[in-house]
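protein_21.cif follows; it contains mmCIF, C-alpha atoms.
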```
data_model
loop_
_atom_site.label_atom_id
_atom_site.label_comp_id
_atom_site.auth_asym_id
_atom_site.auth_seq_id
_atom_site.Cartn_x
_atom_site.Cartn_y
_atom_site.Cartn_z
CA MET A 1 21.96 -10.49 -26.76
CA GLU A 2 19.51 -13.15 -25.72
CA ASN A 3 21.08 -14.39 -22.48
CA ARG A 4 19.20 -15.13 -19.29
CA HIS A 5 22.08 -13.44 -17.47
CA PRO A 6 23.19 -10.68 -19.85
CA ALA A 7 26.58 -9.96 -18.35
CA SER A 8 27.73 -13.45 -19.31
CA ALA A 9 28.03 -12.47 -22.96
CA HIS A 10 30.32 -9.57 -22.10
CA SER A 11 32.52 -10.51 -19.17
CA GLY A 12 31.67 -14.06 -18.12
CA PHE A 13 33.11 -15.90 -21.10
CA ILE A 14 36.55 -14.35 -20.55
CA LYS A 15 37.23 -13.26 -16.97
CA PRO A 16 38.19 -9.62 -16.24
CA ALA A 17 41.53 -10.80 -14.77
CA ARG A 18 42.48 -11.90 -18.28
CA ARG A 19 41.75 -8.60 -19.99
CA TYR A 20 45.24 -8.19 -21.40
CA VAL A 21 45.08 -11.68 -22.90
CA ARG A 22 41.64 -10.95 -24.26
CA ARG A 23 42.83 -7.71 -25.86
CA PHE A 24 45.75 -9.56 -27.45
CA MET A 25 43.31 -12.09 -28.94
CA GLU A 26 41.11 -9.27 -30.25
CA ILE A 27 44.04 -7.56 -31.98
CA THR A 28 45.37 -10.80 -33.50
CA GLY A 29 41.97 -12.15 -34.54
CA LEU A 30 42.23 -15.16 -32.23
CA ILE A 31 39.18 -14.05 -30.28
CA GLY A 32 36.82 -15.34 -32.96
CA PRO A 33 37.89 -19.00 -32.82
CA TYR A 34 38.17 -18.84 -29.03
CA PHE A 35 34.69 -17.38 -28.62
CA ARG A 36 33.21 -20.03 -30.94
CA TRP A 37 35.00 -22.73 -28.94
CA LEU A 38 33.40 -21.42 -25.77
CA GLU A 39 29.97 -21.44 -27.44
CA HIS A 40 30.60 -25.04 -28.54
CA ARG A 41 31.39 -26.01 -24.94
CA ILE A 42 28.12 -24.45 -23.73
CA ALA A 43 26.16 -26.30 -26.42
CA ARG A 44 27.58 -29.62 -25.22
CA ARG A 45 26.31 -29.20 -21.67
CA PRO A 46 23.50 -31.62 -20.78
CA GLY A 47 20.00 -30.19 -20.88
CA GLU A 48 16.36 -31.21 -20.92
CA PRO A 49 14.79 -31.34 -24.40
CA VAL A 50 11.62 -29.26 -24.81
CA ILE A 51 8.71 -30.06 -27.10
CA ASP A 52 6.54 -26.98 -27.71
CA GLY A 53 4.84 -27.91 -30.97
CA ARG A 54 7.36 -26.05 -33.14
CA PRO A 55 10.67 -27.03 -34.71
CA MET A 56 13.50 -26.70 -32.19
CA PRO A 57 16.91 -25.62 -33.53
CA PRO A 58 20.07 -27.59 -32.69
CA ARG A 59 21.65 -26.55 -29.40
CA ASP A 60 24.70 -24.97 -31.05
CA LEU A 61 22.41 -22.59 -32.97
CA ILE A 62 20.51 -21.75 -29.80
CA VAL A 63 23.79 -20.87 -28.08
CA ALA A 64 24.86 -18.69 -31.03
CA VAL A 65 21.87 -16.39 -30.55
CA SER A 66 21.13 -16.80 -26.85
CA GLY A 67 24.38 -17.46 -25.02
CA THR A 68 22.69 -20.48 -23.41
CA ALA A 69 21.68 -23.96 -24.61
CA ASP A 70 18.58 -23.98 -22.41
CA GLU A 71 15.75 -25.06 -24.70
CA ARG A 72 13.11 -24.21 -22.11
CA TRP A 73 14.31 -20.62 -21.85
CA PHE A 74 14.59 -20.40 -25.65
CA SER A 75 10.99 -21.58 -26.04
CA GLU A 76 9.31 -19.74 -23.18
CA ARG A 77 11.16 -16.45 -23.58
CA GLY A 78 10.70 -16.55 -27.34
CA LYS A 79 6.96 -16.99 -26.88
CA SER A 80 6.70 -14.18 -24.33
CA ASP A 81 8.81 -11.79 -26.43
CA ALA A 82 6.68 -12.57 -29.49
CA ALA A 83 3.50 -11.86 -27.53
CA LYS A 84 4.93 -8.58 -26.25
CA PHE A 85 5.92 -7.42 -29.73
CA MET A 86 2.56 -8.24 -31.26
CA THR A 87 0.59 -6.72 -28.38
CA ILE A 88 2.45 -3.43 -28.76
CA ALA A 89 2.21 -3.54 -32.56
CA LYS A 90 -1.57 -4.00 -32.33
CA ARG A 91 -1.80 -1.07 -29.95
CA TYR A 92 -0.22 1.04 -32.69
CA GLY A 93 -2.52 -0.22 -35.43
CA LEU A 94 -1.06 -3.47 -36.79
CA ASP A 95 -3.52 -6.27 -37.56
CA GLU A 96 -1.69 -9.51 -38.38
CA ALA A 97 -5.01 -11.05 -39.44
CA ASN A 98 -5.31 -8.51 -42.26
CA ALA A 99 -2.51 -9.27 -44.73
CA ALA A 100 0.29 -7.61 -42.75
CA ALA A 101 3.87 -7.67 -43.99
CA VAL A 102 6.31 -8.31 -41.11
CA LEU A 103 10.10 -8.35 -41.00
CA ASP A 104 12.07 -10.02 -38.20
CA TRP A 105 15.44 -8.27 -38.56
CA GLY A 106 18.16 -10.33 -36.88
CA CYS A 107 15.89 -13.36 -36.68
CA GLY A 108 18.66 -15.71 -35.56
CA CYS A 109 17.36 -19.28 -35.51
CA GLY A 110 13.76 -18.14 -35.14
CA ARG A 111 13.44 -17.70 -31.37
CA ILE A 112 10.63 -15.17 -31.93
CA ALA A 113 9.74 -15.92 -35.56
CA ARG A 114 8.59 -19.45 -34.70
CA TRP A 115 5.78 -17.89 -32.62
CA ILE A 116 4.74 -15.13 -35.07
CA ALA A 117 5.22 -16.31 -38.66
CA ASP A 118 2.27 -18.74 -38.72
CA ASP A 119 -0.25 -16.12 -37.55
CA VAL A 120 0.98 -13.55 -40.08
CA ILE A 121 0.78 -15.98 -42.97
CA ARG A 122 -2.62 -17.34 -41.89
CA GLY A 123 -3.87 -13.75 -42.00
CA GLY A 124 -2.86 -13.49 -45.66
CA GLY A 125 0.32 -11.55 -44.89
CA ARG A 126 4.02 -12.00 -45.61
CA PHE A 127 6.65 -12.91 -43.06
CA HIS A 128 10.33 -12.27 -43.72
CA GLY A 129 13.38 -12.95 -41.59
CA ALA A 130 16.89 -11.59 -42.12
CA ASP A 131 20.14 -12.33 -40.32
CA LEU A 132 23.89 -11.93 -40.61
CA ASN A 133 24.61 -15.62 -39.95
CA PRO A 134 24.00 -17.84 -43.02
CA THR A 135 23.80 -21.02 -40.91
CA LEU A 136 20.91 -19.59 -38.90
CA ILE A 137 19.15 -18.39 -42.06
CA ARG A 138 19.44 -21.82 -43.68
CA TRP A 139 17.91 -23.47 -40.62
CA CYS A 140 14.98 -21.01 -40.57
CA ALA A 141 14.34 -21.40 -44.30
CA ALA A 142 14.28 -25.19 -43.96
CA ASN A 143 12.13 -25.38 -40.82
CA LEU A 144 9.92 -22.30 -40.41
CA PRO A 145 7.23 -20.68 -42.54
CA GLY A 146 8.09 -17.45 -44.33
CA PHE A 147 10.97 -16.12 -46.40
CA TYR A 148 14.49 -15.84 -44.98
CA THR A 149 17.45 -13.95 -46.34
CA GLU A 150 21.05 -13.28 -45.34
CA ASN A 151 22.28 -9.72 -44.84
CA SER A 152 25.72 -8.19 -44.41
CA LEU A 153 26.96 -6.37 -41.32
CA ARG A 154 26.00 -3.08 -42.98
CA PRO A 155 22.88 -2.30 -45.01
CA PRO A 156 21.20 -2.62 -47.38
CA LEU A 157 18.86 -5.55 -46.94
CA PRO A 158 18.07 -7.38 -50.21
CA LEU A 159 14.52 -6.00 -50.02
CA GLY A 160 12.69 -3.19 -51.74
CA ASP A 161 11.54 0.15 -50.34
CA SER A 162 8.35 0.62 -48.31
CA GLN A 163 7.44 -3.06 -48.01
CA PHE A 164 6.62 -3.69 -44.37
CA ASP A 165 3.89 -2.82 -41.89
CA LEU A 166 6.12 -3.90 -38.99
CA VAL A 167 9.86 -4.36 -38.49
CA TYR A 168 10.95 -5.78 -35.17
CA ALA A 169 14.39 -6.65 -33.81
CA HIS A 170 15.28 -8.10 -30.44
CA SER A 171 18.87 -7.57 -29.27
CA VAL A 172 20.33 -6.64 -32.66
CA LEU A 173 21.29 -3.01 -32.15
CA THR A 174 22.83 -4.20 -28.87
CA HIS A 175 25.72 -5.75 -30.82
CA LEU A 176 26.58 -2.89 -33.19
CA THR A 177 28.88 0.11 -33.04
CA GLU A 178 27.18 3.48 -33.22
CA ALA A 179 27.88 4.25 -36.88
CA VAL A 180 26.59 0.85 -37.99
CA ALA A 181 23.53 1.15 -35.73
CA VAL A 182 22.67 4.53 -37.28
CA ASP A 183 22.88 3.02 -40.77
CA TRP A 184 20.53 0.23 -39.73
CA LEU A 185 18.00 2.64 -38.25
CA ALA A 186 17.88 4.36 -41.63
CA GLU A 187 17.53 0.97 -43.33
CA CYS A 188 14.58 0.07 -41.11
CA ALA A 189 12.94 3.32 -42.16
CA ARG A 190 13.63 2.54 -45.83
CA VAL A 191 11.88 -0.84 -45.83
CA LEU A 192 8.91 0.34 -43.72
CA LYS A 193 5.79 1.71 -45.36
CA PRO A 194 5.10 5.37 -44.51
CA GLY A 195 3.41 5.45 -41.12
CA ALA A 196 4.42 1.86 -40.29
CA ILE A 197 6.01 0.76 -37.01
CA ALA A 198 9.42 -0.51 -35.89
CA LEU A 199 9.94 -2.19 -32.51
CA LEU A 200 13.63 -2.27 -31.59
CA THR A 201 15.25 -3.25 -28.31
CA PHE A 202 18.47 -1.79 -26.91
CA HIS A 203 20.55 -1.66 -23.73
CA ASP A 204 19.52 1.53 -21.92
CA GLU A 205 20.84 3.07 -18.71
CA THR A 206 18.40 1.10 -16.53
CA PHE A 207 19.45 -2.19 -18.07
CA ALA A 208 23.10 -1.20 -17.70
CA GLU A 209 22.71 -0.37 -14.02
CA HIS A 210 21.07 -3.67 -13.09
CA TRP A 211 22.35 -6.19 -15.63
CA GLY A 212 25.46 -4.87 -17.35
CA PRO A 213 29.16 -5.07 -16.53
CA PRO A 214 29.83 -2.79 -13.53
CA GLU A 215 31.95 -0.35 -15.56
CA VAL A 216 29.20 0.43 -18.07
CA SER A 217 26.64 2.29 -15.98
CA PRO A 218 29.03 5.00 -14.68
CA ALA A 219 30.52 5.44 -18.16
CA LEU A 220 27.10 6.14 -19.69
CA LYS A 221 26.86 9.28 -17.57
CA THR A 222 29.52 10.92 -19.75
CA ARG A 223 29.43 8.84 -22.95
CA PRO A 224 25.94 8.38 -24.40
CA TYR A 225 26.93 5.41 -26.61
CA LEU A 226 29.36 2.85 -25.24
CA VAL A 227 30.76 -0.27 -26.90
CA TRP A 228 31.96 -3.10 -24.63
CA ASN A 229 34.33 -5.74 -26.06
CA ASN A 230 34.83 -4.02 -29.41
CA ALA A 231 35.44 -7.05 -31.63
CA LEU A 232 33.32 -9.58 -33.55
CA GLU A 233 30.71 -6.92 -34.32
CA GLY A 234 27.28 -8.44 -34.86
CA SER A 235 27.91 -11.28 -32.38
CA ASN A 236 27.14 -11.68 -28.69
CA TYR A 237 30.78 -10.89 -27.90
CA LEU A 238 30.33 -7.16 -28.57
CA SER A 239 27.68 -5.29 -26.59
CA ALA A 240 26.51 -1.72 -27.14
CA TRP A 241 24.91 0.52 -24.52
CA THR A 242 23.18 3.87 -24.95
CA THR A 243 20.91 6.22 -23.06
CA ARG A 244 17.25 6.54 -23.94
CA ALA A 245 17.71 10.21 -24.84
CA HIS A 246 20.58 9.44 -27.20
CA PHE A 247 18.69 6.59 -28.83
CA GLY A 248 15.80 8.93 -29.53
CA ALA A 249 18.17 11.44 -31.12
CA LEU A 250 19.67 8.74 -33.35
CA ALA A 251 16.23 7.58 -34.45
CA ARG A 252 15.15 11.08 -35.41
CA THR A 253 18.09 11.37 -37.82
CA ALA A 254 16.85 8.22 -39.60
CA ASP A 255 13.40 9.45 -40.68
CA LEU A 256 11.80 7.75 -37.68
CA ASP A 257 9.58 9.39 -35.07
CA LEU A 258 9.98 8.08 -31.53
CA LEU A 259 6.55 7.24 -30.14
CA GLU A 260 7.53 5.53 -26.91
CA ILE A 261 10.43 3.93 -25.05
CA ILE A 262 9.68 1.24 -22.50
CA PRO A 263 12.72 1.31 -20.17
CA GLY A 264 14.75 -1.77 -19.34
CA SER A 265 13.55 -3.78 -16.37
CA GLN A 266 15.08 -3.77 -12.90
CA GLU A 267 13.42 -7.05 -11.88
CA PHE A 268 14.66 -9.35 -14.68
CA PRO A 269 16.82 -9.00 -17.81
CA GLU A 270 14.45 -7.11 -20.11
CA GLN A 271 15.98 -4.67 -22.59
CA ALA A 272 14.52 -1.26 -23.33
CA LEU A 273 12.07 -1.24 -26.24
CA ALA A 274 11.65 1.67 -28.64
CA VAL A 275 8.45 2.14 -30.63
CA LEU A 276 9.21 4.08 -33.83
CA ARG A 277 7.08 5.24 -36.74
CA ARG A 278 8.33 5.96 -40.22
CA ARG A 279 7.52 9.50 -41.28
#
```

Can you present the structure in this file as structure tokens?
Amino acid sequence: MENRHPASAHSGFIKPARRYVRRFMEITGLIGPYFRWLEHRIARRPGEPVIDGRPMPPRDLIVAVSGTADERWFSERGKSDAAKFMTIAKRYGLDEANAAAVLDWGCGCGRIARWIADDVIRGGGRFHGADLNPTLIRWCAANLPGFYTENSLRPPLPLGDSQFDLVYAHSVLTHLTEAVAVDWLAECARVLKPGAIALLTFHDETFAEHWGPPEVSPALKTRPYLVWNNALEGSNYLSAWTTRAHFGALARTADLDLLEIIPGSQEFPEQALAVLRRR
């Protein structure tokens, strides 16, 4: 989830008073067309164009990954998230100026990739992006440096073993059920070189308390992995929430050592960030 106001992706599109209608649409499959119609409406809202020196995706693609058509947020938050990822990666030994191989898993329409790919390639490295949505992948391949490939909801990626010095993903695990998330943690480990780093964000208990639907935070006290709006897996409609302790346990089953978790923010919508190393 990439929203400025995270709860909008979970409860704001379809009001809680209409839960029975929403559940009917989920069961019948009507929720998909309805959710896309709502995204289309958001994309049509007037907004100020932003020129930041990089290709800007069409507004409907921005909405698909961010839940908002705000180009300024897309640009500024993408730049700040990219800087955060690379600062942490450098702290754990990555040097993008020294032929690093980097994978943006769940790259969307390049919100973060557009700020990182150039530096990696200038340093003699390789930059790859992967995403579930073929429309987003086609836009990235046509407009951004690097290699971009489509993946399915479940692994594997169409990539070989032990290829990458860094895998990062912003708000990808946040839209997966637990079994699928566990498979993807193992897949991240597979494509990482031994000793390489993964940076993965998730909705932790702090984020849930301050930014999630009100029912989620109490539920996490008894259920360590919670799925909200269990339909359209892989999209912003579904959101997944887990405790930091449970996330660490899941990572350890996937041949990944947990080095650090930076908790979600109380001041603004910032997801928790896990720093993982492949064994």

Exercise. For this file, the PyMOL selection byres ((chain A and resi 244) around 9) selects which residues, as a PyMOL selection string?
Worked result: chain A and resi 202-205+224+242-243+245-249+261+263+272+274

Write a file of the selected residues as a PDB file, in the frame of the given file, keeping C-alpha atoms.
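Result file follows (out-v5.pdb):
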```pdb
ATOM      1  CA  PHE A 202      18.470  -1.790 -26.910  1.00  0.00           C
ATOM      2  CA  HIS A 203      20.550  -1.660 -23.730  1.00  0.00           C
ATOM      3  CA  ASP A 204      19.520   1.530 -21.920  1.00  0.00           C
ATOM      4  CA  GLU A 205      20.840   3.070 -18.710  1.00  0.00           C
ATOM      5  CA  PRO A 224      25.940   8.380 -24.400  1.00  0.00           C
ATOM      6  CA  THR A 242      23.180   3.870 -24.950  1.00  0.00           C
ATOM      7  CA  THR A 243      20.910   6.220 -23.060  1.00  0.00           C
ATOM      8  CA  ALA A 245      17.710  10.210 -24.840  1.00  0.00           C
ATOM      9  CA  HIS A 246      20.580   9.440 -27.200  1.00  0.00           C
ATOM     10  CA  PHE A 247      18.690   6.590 -28.830  1.00  0.00           C
ATOM     11  CA  GLY A 248      15.800   8.930 -29.530  1.00  0.00           C
ATOM     12  CA  ALA A 249      18.170  11.440 -31.120  1.00  0.00           C
ATOM     13  CA  ILE A 261      10.430   3.930 -25.050  1.00  0.00           C
ATOM     14  CA  PRO A 263      12.720   1.310 -20.170  1.00  0.00           C
ATOM     15  CA  ALA A 272      14.520  -1.260 -23.330  1.00  0.00           C
ATOM     16  CA  ALA A 274      11.650   1.670 -28.640  1.00  0.00           C
TER      17      ALA A 274
END
```

Report as a PDB file with C-alpha atoms, keeping the file's coordinate frame the full result of the PyMOL selection byres ((chain A and resi 276) around 12) when it is applied to this structure.
```pdb
ATOM      1  CA  ILE A  88       2.450  -3.430 -28.760  1.00  0.00           C
ATOM      2  CA  ALA A  89       2.210  -3.540 -32.560  1.00  0.00           C
ATOM      3  CA  TYR A  92      -0.220   1.040 -32.690  1.00  0.00           C
ATOM      4  CA  ASP A 165       3.890  -2.820 -41.890  1.00  0.00           C
ATOM      5  CA  LEU A 166       6.120  -3.900 -38.990  1.00  0.00           C
ATOM      6  CA  VAL A 167       9.860  -4.360 -38.490  1.00  0.00           C
ATOM      7  CA  TYR A 168      10.950  -5.780 -35.170  1.00  0.00           C
ATOM      8  CA  ALA A 169      14.390  -6.650 -33.810  1.00  0.00           C
ATOM      9  CA  LEU A 185      18.000   2.640 -38.250  1.00  0.00           C
ATOM     10  CA  ALA A 186      17.880   4.360 -41.630  1.00  0.00           C
ATOM     11  CA  CYS A 188      14.580   0.070 -41.110  1.00  0.00           C
ATOM     12  CA  ALA A 189      12.940   3.320 -42.160  1.00  0.00           C
ATOM     13  CA  LEU A 192       8.910   0.340 -43.720  1.00  0.00           C
ATOM     14  CA  PRO A 194       5.100   5.370 -44.510  1.00  0.00           C
ATOM     15  CA  GLY A 195       3.410   5.450 -41.120  1.00  0.00           C
ATOM     16  CA  ALA A 196       4.420   1.860 -40.290  1.00  0.00           C
ATOM     17  CA  ILE A 197       6.010   0.760 -37.010  1.00  0.00           C
ATOM     18  CA  ALA A 198       9.420  -0.510 -35.890  1.00  0.00           C
ATOM     19  CA  LEU A 199       9.940  -2.190 -32.510  1.00  0.00           C
ATOM     20  CA  LEU A 200      13.630  -2.270 -31.590  1.00  0.00           C
ATOM     21  CA  THR A 201      15.250  -3.250 -28.310  1.00  0.00           C
ATOM     22  CA  PHE A 247      18.690   6.590 -28.830  1.00  0.00           C
ATOM     23  CA  GLY A 248      15.800   8.930 -29.530  1.00  0.00           C
ATOM     24  CA  ALA A 249      18.170  11.440 -31.120  1.00  0.00           C
ATOM     25  CA  LEU A 250      19.670   8.740 -33.350  1.00  0.00           C
ATOM     26  CA  ALA A 251      16.230   7.580 -34.450  1.00  0.00           C
ATOM     27  CA  ARG A 252      15.150  11.080 -35.410  1.00  0.00           C
ATOM     28  CA  ALA A 254      16.850   8.220 -39.600  1.00  0.00           C
ATOM     29  CA  ASP A 255      13.400   9.450 -40.680  1.00  0.00           C
ATOM     30  CA  LEU A 256      11.800   7.750 -37.680  1.00  0.00           C
ATOM     31  CA  ASP A 257       9.580   9.390 -35.070  1.00  0.00           C
ATOM     32  CA  LEU A 258       9.980   8.080 -31.530  1.00  0.00           C
ATOM     33  CA  LEU A 259       6.550   7.240 -30.140  1.00  0.00           C
ATOM     34  CA  GLU A 260       7.530   5.530 -26.910  1.00  0.00           C
ATOM     35  CA  ILE A 261      10.430   3.930 -25.050  1.00  0.00           C
ATOM     36  CA  ILE A 262       9.680   1.240 -22.500  1.00  0.00           C
ATOM     37  CA  LEU A 273      12.070  -1.240 -26.240  1.00  0.00           C
ATOM     38  CA  ALA A 274      11.650   1.670 -28.640  1.00  0.00           C
ATOM     39  CA  VAL A 275       8.450   2.140 -30.630  1.00  0.00           C
ATOM     40  CA  ARG A 277       7.080   5.240 -36.740  1.00  0.00           C
ATOM     41  CA  ARG A 278       8.330   5.960 -40.220  1.00  0.00           C
ATOM     42  CA  ARG A 279       7.520   9.500 -41.280  1.00  0.00           C
TER      43      ARG A 279
END
```

Exercise. What is the distance, in Å and to one decimal place, between atom CA of A:Trp241 and atom CA of A:Val216?
Worked result: 7.7 Å

Wanna dump the stretch 108-128 of chain A-stretch 134-148 of chain A contacts at 6 Å for me, each residue with its shortest atom pair and the distance in Å to one decimal, counting all atoms listed in the file, ordered by chain and number, as a Markdown table?
```
| residue | atom | partner | partner_atom | distance |
| --- | --- | --- | --- | --- |
| A:Gly108 | CA | A:Leu136 | CA | 5.6 |
| A:Cys109 | CA | A:Leu136 | CA | 4.9 |
| A:Phe127 | CA | A:Gly146 | CA | 4.9 |
| A:His128 | CA | A:Phe147 | CA | 4.7 |
```

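Atom pair atom CA of A:Pro49 / atom CA of A:Ile62: separated by 12.4 Å.
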
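With distances restricted to only C-alpha atoms, A:Arg59 is the closest residue to A:His40 from A:Arg59, A:Arg23, A:Arg77, A:Lys90.
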
For this session: Find the spatial neighbours of A:Glu209, counting all atoms listed in the file, within a cut-off of 9 Å - ignore same-chain residues fewer than 6 positions away - and output them as a count of residues only.
Result: 4

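Across the chains present, the PyMOL selection byres ((chain A and resi 132) around 8) applied to this file returns Gly106, Ala130, Asp131, Asn133, Pro134, Glu150, Asn151, Ser152, Leu153 and Gly234 of chain A.
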
Save out the residues we just selected, C-alpha atoms, as a PDB file, keeping the file's coordinate frame.
```pdb
ATOM      1  CA  GLY A 106      18.160 -10.330 -36.880  1.00  0.00           C
ATOM      2  CA  ALA A 130      16.890 -11.590 -42.120  1.00  0.00           C
ATOM      3  CA  ASP A 131      20.140 -12.330 -40.320  1.00  0.00           C
ATOM      4  CA  ASN A 133      24.610 -15.620 -39.950  1.00  0.00           C
ATOM      5  CA  PRO A 134      24.000 -17.840 -43.020  1.00  0.00           C
ATOM      6  CA  GLU A 150      21.050 -13.280 -45.340  1.00  0.00           C
ATOM      7  CA  ASN A 151      22.280  -9.720 -44.840  1.00  0.00           C
ATOM      8  CA  SER A 152      25.720  -8.190 -44.410  1.00  0.00           C
ATOM      9  CA  LEU A 153      26.960  -6.370 -41.320  1.00  0.00           C
ATOM     10  CA  GLY A 234      27.280  -8.440 -34.860  1.00  0.00           C
TER      11      GLY A 234
END
```

Exercise. Counting all atoms listed in the file, which of A:Trp211, A:Trp184, A:Phe164, A:Phe24 gets nearest to A:Leu94?
Worked result: A:Phe164

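Candidate residues A:Leu30, A:Val65, A:Val172, A:Val21 were compared for distance to A:Asp104, and the nearest is A:Val172, using only C-alpha atoms.
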
For this session: Extract, using only C-alpha atoms, all DNA, RNA and protein residues at most 9 Å from A:Gly78, discarding same-chain residues fewer than 2 positions from it, and format them as a PyMOL selection string.
Result: chain A and resi 73-76+80-83+110-115

Exercise. Quick one: distance from atom CA of A:Thr68 to atom CA of A:Leu38 in Å, one decimal?
Worked result: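 One can read the atom CA of A:Thr68 to atom CA of A:Leu38 distance as 11.0 Å.
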
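Distances to A:Leu238 were evaluated for A:Thr206, A:Ser171, A:Ser265, A:Thr87 using only C-alpha atoms, and the minimum falls at A:Ser171.
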
Exercise. Closest to A:Arg22 among A:Ala231, A:Leu61, A:Cys107, A:Ala181, using all atoms listed in the file?
Worked result: A:Ala231
